[in-house]
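A.B. asks: Okay, handing you the structure first.
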Amino acid sequence: MAASAPGKLILFGEHAVVFGEPALCTAINLRAEVFVRPYKEWRADGGALDEPRYRDVKGAVEKAKARAPMWVEVRAMVPSGAGLGSSAAVTVATLGALHGIAGGLDPPTIAREAFEVEHEVQGRASPIDTSTAAAGGALLVLREPREDLLWTIERDTRRWCLHRARLPDLEFVIGNTGISAATGPLVAKVKDRVERDPRAADMVREIGRITLEGLAALQRRDLVQAGRLMDRDHALLTELGVGHEMLDRLVAAARPSSYGAKLTGAGGGGSIVALTDRPDETVGAIRAAGGKAFVVRPDSAGVTKQP
Ligand code: MEV
């Protein structure tokens, strides 16, 4: 039995979404595949499940309460530590394979379980990455339910309502710094700032407003305005302490051939996303600045059983 799940690209709202602000995310055509087969003991790619790099797989195995041990094999096209949702994709694909072997595969259940795993592994988090990997396509996260609600996830005093969002057909250029940064400490850093500094809390709210304006701009194909909002979002995230000089360098390299560019995901390293209709030029500029660059497209398929 095998299942796959997509990586993700946050267009607007990372970090602010942890505080319940809106965020916009799309699944991308870089997927993680997980194969499972009954075996005499638990194995991950032939090794022990306890190795730190399999913590998402182990978390998913514990959550799925699999009765018999399995040999688990992980293949991920999503680069890890790049802000593109590789751990969420691996967690969701593992849950998909384990649920698939036992029968059905229900994306809302997998989204909830994967969020719990991510919370246990990473610490404080929002369900944006895991729900996007489970649902595929574009998702808008809001505090209140509206039309096109997919599911709601609650934790402590927070509630996230995950909605289907419709975006025009767009491609995005990713610039990966190659610097891997763990999400948990970055989320904790922003929480600390917000608790200590009311200006940081204002920035988080501004990011929430930018998300809704950015979605509207993308939907009416006003790429100039969407790009401006991306640039402002990047500045706010940097002010919140999750930037990196290499992210600034890649953003600066991408902007002359783009409508806008910003860090995507947790920051501190990881990747930028550029909105451009000259992708070859943007890819070239990011590479010349020392980043890895590639084009991604939205992927409408969420967690999927493999034949
Ligand atoms: C990470 O991809 C997105 C963050 O907002 C964390 C989260 O929502 O769990 C930084």
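Following the order of the structure tokens, first chain is A, next is B, and so on, with residues numbered from 1 inside each chain and ligands from 1 in the order they appear.
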What does the list of residues within 6 Å of ligand 1 look like if you count only C-alpha atoms and all ligand atoms, written as a short mmCIF file (atom, residue, chain, number, x, y, z; two decimals) with N, CA, C and O atoms, in the first residue's frame?
C.D. replies:
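This went into part_8.cif:
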```cif
data_model
loop_
_atom_site.label_atom_id
_atom_site.label_comp_id
_atom_site.auth_asym_id
_atom_site.auth_seq_id
_atom_site.Cartn_x
_atom_site.Cartn_y
_atom_site.Cartn_z
N GLU A 14 1.87 33.28 6.71
CA GLU A 14 2.62 32.41 7.63
C GLU A 14 2.89 33.16 8.93
O GLU A 14 2.96 34.39 8.97
N HIS A 15 3.06 32.44 9.97
CA HIS A 15 3.24 32.92 11.35
C HIS A 15 1.97 33.58 11.89
O HIS A 15 1.50 33.19 12.96
N VAL A 17 -0.95 33.11 11.00
CA VAL A 17 -1.99 32.07 11.07
C VAL A 17 -1.94 31.31 12.40
O VAL A 17 -2.96 30.84 12.89
N VAL A 18 -0.77 31.23 13.00
CA VAL A 18 -0.66 30.54 14.29
C VAL A 18 -1.48 31.28 15.35
O VAL A 18 -2.01 30.68 16.28
N GLY A 83 10.80 25.15 3.83
CA GLY A 83 9.58 25.95 3.97
C GLY A 83 8.48 25.50 3.03
O GLY A 83 7.49 26.21 2.83
N GLY A 85 6.78 22.52 3.25
CA GLY A 85 5.83 21.57 3.83
C GLY A 85 6.23 20.12 3.71
O GLY A 85 5.37 19.24 3.67
N ALA A 125 1.76 25.21 16.55
CA ALA A 125 1.64 25.23 15.09
C ALA A 125 0.21 25.56 14.72
O ALA A 125 -0.69 25.53 15.56
N SER A 126 0.01 25.86 13.44
CA SER A 126 -1.35 25.96 12.91
C SER A 126 -1.56 24.75 12.00
O SER A 126 -0.59 24.09 11.63
N ILE A 128 -2.23 24.72 8.90
CA ILE A 128 -2.22 25.10 7.47
C ILE A 128 -1.44 24.09 6.61
O ILE A 128 -1.92 23.69 5.55
N ASP A 129 -0.26 23.68 7.06
CA ASP A 129 0.56 22.79 6.23
C ASP A 129 -0.10 21.42 6.09
O ASP A 129 -0.21 20.87 4.99
N VAL A 187 8.55 29.77 15.34
CA VAL A 187 7.19 30.05 15.82
C VAL A 187 7.25 30.55 17.27
O VAL A 187 6.58 31.52 17.64
N GLY A 265 6.78 30.11 4.23
CA GLY A 265 6.97 29.12 5.29
C GLY A 265 7.50 29.80 6.53
O GLY A 265 7.28 30.98 6.75
N ALA A 266 8.27 29.06 7.31
CA ALA A 266 8.67 29.58 8.62
C ALA A 266 9.78 30.63 8.54
O ALA A 266 9.97 31.40 9.47
#
```
A.B. asks: Looking only at helix (DSSP H, G or I) from DSSP on the backbone, list the matching residues of region 65-113 of chain A as a list of chain:residue names.
C.D. replies: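 Helix (DSSP H, G or I) members of region 65-113 of chain A, listed: A:Ser86, A:Ser87, A:Ala88, A:Ala89, A:Val90, A:Thr91, A:Val92, A:Ala93, A:Thr94, A:Leu95, A:Gly96, A:Ala97, A:Leu98, A:His99, A:Gly100, A:Ile101, A:Ala102, A:Pro107, A:Pro108, A:Thr109, A:Ile110, A:Ala111, A:Arg112, A:Glu113.
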A.B. asks: Tell me which protein, DNA and RNA residues are within 9 Å of Pro38 (chain A), counting only C-alpha atoms, leaving out same-chain ones fewer than 2 positions away, and put them as a PyMOL selection string.
C.D. replies: chain A and resi 36+40-42+68-72
A.B. asks: Skipping near chain neighbours, those fewer than 6 positions away, what residues fall within 8 Å of Ala88 (chain A) using only C-alpha atoms, listed as a list in words?
C.D. replies: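 So the residues in contact are Gly7, Asp56, Ala114, Glu118, Asp129, Thr130 and Ala133 of chain A.
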A.B. asks: Just want the 8 Å neighbourhood of Gly208 (chain A), counted on only C-alpha atoms, with same-chain residues fewer than 6 positions away dropped. Output as a list in words.
C.D. replies: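 Near Gly208 (chain A), the qualifying residues are Gly13, Ala16, Val17, Glu21, Pro22 and Ala23 of chain A.
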A.B. asks: Can you write out the residues you just picked, keeping N, CA and C atoms, as a PDB file, in the first residue's frame?
C.D. replies:
```pdb
ATOM      1  N   GLY A  13       0.453  34.983   4.920  1.00  0.00           N
ATOM      2  CA  GLY A  13      -0.112  34.684   6.250  1.00  0.00           C
ATOM      3  C   GLY A  13       0.668  33.752   7.144  1.00  0.00           C
ATOM      4  N   ALA A  16       1.379  34.542  11.138  1.00  0.00           N
ATOM      5  CA  ALA A  16       0.163  35.177  11.644  1.00  0.00           C
ATOM      6  C   ALA A  16      -0.944  34.128  11.838  1.00  0.00           C
ATOM      7  N   VAL A  17      -0.946  33.106  10.998  1.00  0.00           N
ATOM      8  CA  VAL A  17      -1.989  32.071  11.071  1.00  0.00           C
ATOM      9  C   VAL A  17      -1.936  31.314  12.402  1.00  0.00           C
ATOM     10  N   GLU A  21      -4.915  34.463  12.559  1.00  0.00           N
ATOM     11  CA  GLU A  21      -5.136  35.389  11.433  1.00  0.00           C
ATOM     12  C   GLU A  21      -5.303  34.587  10.134  1.00  0.00           C
ATOM     13  N   PRO A  22      -5.904  35.202   9.098  1.00  0.00           N
ATOM     14  CA  PRO A  22      -6.077  34.483   7.827  1.00  0.00           C
ATOM     15  C   PRO A  22      -4.743  34.144   7.158  1.00  0.00           C
ATOM     16  N   ALA A  23      -4.750  33.077   6.375  1.00  0.00           N
ATOM     17  CA  ALA A  23      -3.574  32.696   5.583  1.00  0.00           C
ATOM     18  C   ALA A  23      -4.039  32.012   4.307  1.00  0.00           C
TER      19      ALA A  23
END
```
A.B. asks: Please provide as a ChimeraX atom specification all residues within 10 Å of Glu113 (chain A), with the sequence filter that same-chain residues fewer than 4 positions apart are discarded (counting only C-alpha atoms).
C.D. replies: /A:59-60,63-64,91-92,95,107-109,117-119,130-131
A.B. asks: Filtering to N, CA and C atoms, could you give me those residues as a short mmCIF file (atom, residue, chain, number, x, y, z; two decimals), in the first residue's frame?
C.D. replies:
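selection.cif, freshly written:
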```cif
data_model
loop_
_atom_site.label_atom_id
_atom_site.label_comp_id
_atom_site.auth_asym_id
_atom_site.auth_seq_id
_atom_site.Cartn_x
_atom_site.Cartn_y
_atom_site.Cartn_z
N GLY A 59 5.62 9.70 14.49
CA GLY A 59 4.43 10.36 15.05
C GLY A 59 3.17 9.86 14.36
N ALA A 60 3.25 9.72 13.02
CA ALA A 60 2.08 9.27 12.26
C ALA A 60 1.75 7.82 12.60
N LYS A 63 0.03 7.77 15.88
CA LYS A 63 -1.33 8.33 15.77
C LYS A 63 -2.28 7.35 15.09
N ALA A 64 -1.79 6.65 14.07
CA ALA A 64 -2.67 5.75 13.30
C ALA A 64 -2.97 4.47 14.07
N THR A 91 4.09 13.34 6.86
CA THR A 91 3.15 12.90 7.91
C THR A 91 1.82 12.48 7.29
N VAL A 92 1.31 13.31 6.39
CA VAL A 92 0.00 13.02 5.78
C VAL A 92 0.08 11.78 4.89
N LEU A 95 0.18 8.72 7.15
CA LEU A 95 -1.17 8.43 7.67
C LEU A 95 -2.04 7.86 6.55
N PRO A 107 -9.79 12.45 4.10
CA PRO A 107 -8.91 13.61 4.27
C PRO A 107 -9.15 14.43 5.55
N PRO A 108 -10.41 14.71 5.97
CA PRO A 108 -10.56 15.49 7.21
C PRO A 108 -9.96 14.79 8.43
N THR A 109 -10.14 13.45 8.50
CA THR A 109 -9.56 12.71 9.64
C THR A 109 -8.05 12.79 9.58
N VAL A 117 -0.01 15.37 15.15
CA VAL A 117 1.38 14.88 15.05
C VAL A 117 2.33 16.08 14.96
N GLU A 118 1.98 17.03 14.07
CA GLU A 118 2.86 18.19 13.88
C GLU A 118 3.00 18.97 15.19
N HIS A 119 1.90 19.08 15.91
CA HIS A 119 1.94 19.79 17.19
C HIS A 119 2.86 19.09 18.17
N THR A 130 -0.52 20.87 7.22
CA THR A 130 -1.06 19.52 7.21
C THR A 130 -2.42 19.47 6.48
N SER A 131 -3.24 20.50 6.66
CA SER A 131 -4.54 20.49 5.96
C SER A 131 -4.35 20.66 4.46
#
```
A.B. asks: To one decimal place in Å, what is the distance between CA of Ala285 (chain A) and CA of Leu218 (chain A)?
C.D. replies: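 Separating CA of Ala285 (chain A) from CA of Leu218 (chain A) is a distance of 23.9 Å.
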A.B. asks: Using only C-alpha atoms, which protein or nucleic acid residues come within 9 Å of region 160-169 of chain A? Drop anything in the same chain fewer than 2 positions from it, and give the result as a count of residues only.
C.D. replies: 41
A.B. asks: Region 159-238 of chain A: which residues are strand (DSSP E) by DSSP, as a JSON list (two decimals) with N, CA and C atoms, in the first residue's frame?
C.D. replies:
```json
[["chain", "number", "residue", "atom", "x", "y", "z"],
["A", 159, "ARG", "N", -9.22, 28.35, 17.00],
["A", 159, "ARG", "CA", -9.98, 27.58, 16.01],
["A", 159, "ARG", "C", -9.56, 28.05, 14.62],
["A", 160, "TRP", "N", -9.30, 27.10, 13.74],
["A", 160, "TRP", "CA", -8.96, 27.44, 12.36],
["A", 160, "TRP", "C", -10.02, 26.81, 11.45],
["A", 161, "CYS", "N", -10.61, 27.63, 10.58],
["A", 161, "CYS", "CA", -11.60, 27.12, 9.64],
["A", 161, "CYS", "C", -10.93, 27.07, 8.27],
["A", 162, "LEU", "N", -10.80, 25.87, 7.75],
["A", 162, "LEU", "CA", -10.08, 25.66, 6.50],
["A", 162, "LEU", "C", -11.06, 25.68, 5.35],
["A", 163, "HIS", "N", -10.84, 26.60, 4.41],
["A", 163, "HIS", "CA", -11.77, 26.78, 3.29],
["A", 163, "HIS", "C", -11.08, 26.47, 1.97],
["A", 164, "ARG", "N", -11.84, 26.00, 1.03],
["A", 164, "ARG", "CA", -11.34, 25.87, -0.34],
["A", 164, "ARG", "C", -11.23, 27.27, -0.93],
["A", 165, "ALA", "N", -10.09, 27.61, -1.51],
["A", 165, "ALA", "CA", -9.93, 28.92, -2.17],
["A", 165, "ALA", "C", -9.72, 28.67, -3.66],
["A", 172, "PHE", "N", 4.71, 29.69, -9.86],
["A", 172, "PHE", "CA", 5.51, 30.47, -8.91],
["A", 172, "PHE", "C", 6.96, 30.02, -9.01],
["A", 173, "VAL", "N", 7.86, 30.95, -8.82],
["A", 173, "VAL", "CA", 9.27, 30.57, -8.76],
["A", 173, "VAL", "C", 9.68, 30.50, -7.29],
["A", 174, "ILE", "N", 10.32, 29.40, -6.95],
["A", 174, "ILE", "CA", 10.84, 29.21, -5.59],
["A", 174, "ILE", "C", 12.34, 29.47, -5.62],
["A", 175, "GLY", "N", 12.83, 30.18, -4.65],
["A", 175, "GLY", "CA", 14.27, 30.35, -4.46],
["A", 175, "GLY", "C", 14.64, 29.77, -3.11],
["A", 176, "ASN", "N", 15.36, 28.67, -3.13],
["A", 176, "ASN", "CA", 15.70, 28.00, -1.88],
["A", 176, "ASN", "C", 17.10, 28.45, -1.44]]
```
A.B. asks: Closest to Arg232 (chain A) among A:Ala261, A:Ile272, A:Ala32, A:Met246, using only C-alpha atoms?
C.D. replies: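 Smallest distance to Arg232 (chain A) is found for A:Ala261.
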A.B. asks: At what distance in Å, to one decimal, does CA of Ile207 (chain A) lie from CA of Leu236 (chain A)?
C.D. replies: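 For CA of Leu236 (chain A) relative to CA of Ile207 (chain A), the distance reads 7.4 Å.
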A.B. asks: When distances are computed from only C-alpha atoms, which of A:Arg193, A:Arg249, A:Arg31, A:His244 shows the smallest separation from Ser86 (chain A)?
C.D. replies: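 Checking each candidate against Ser86 (chain A), we get A:Arg31 as the closest.
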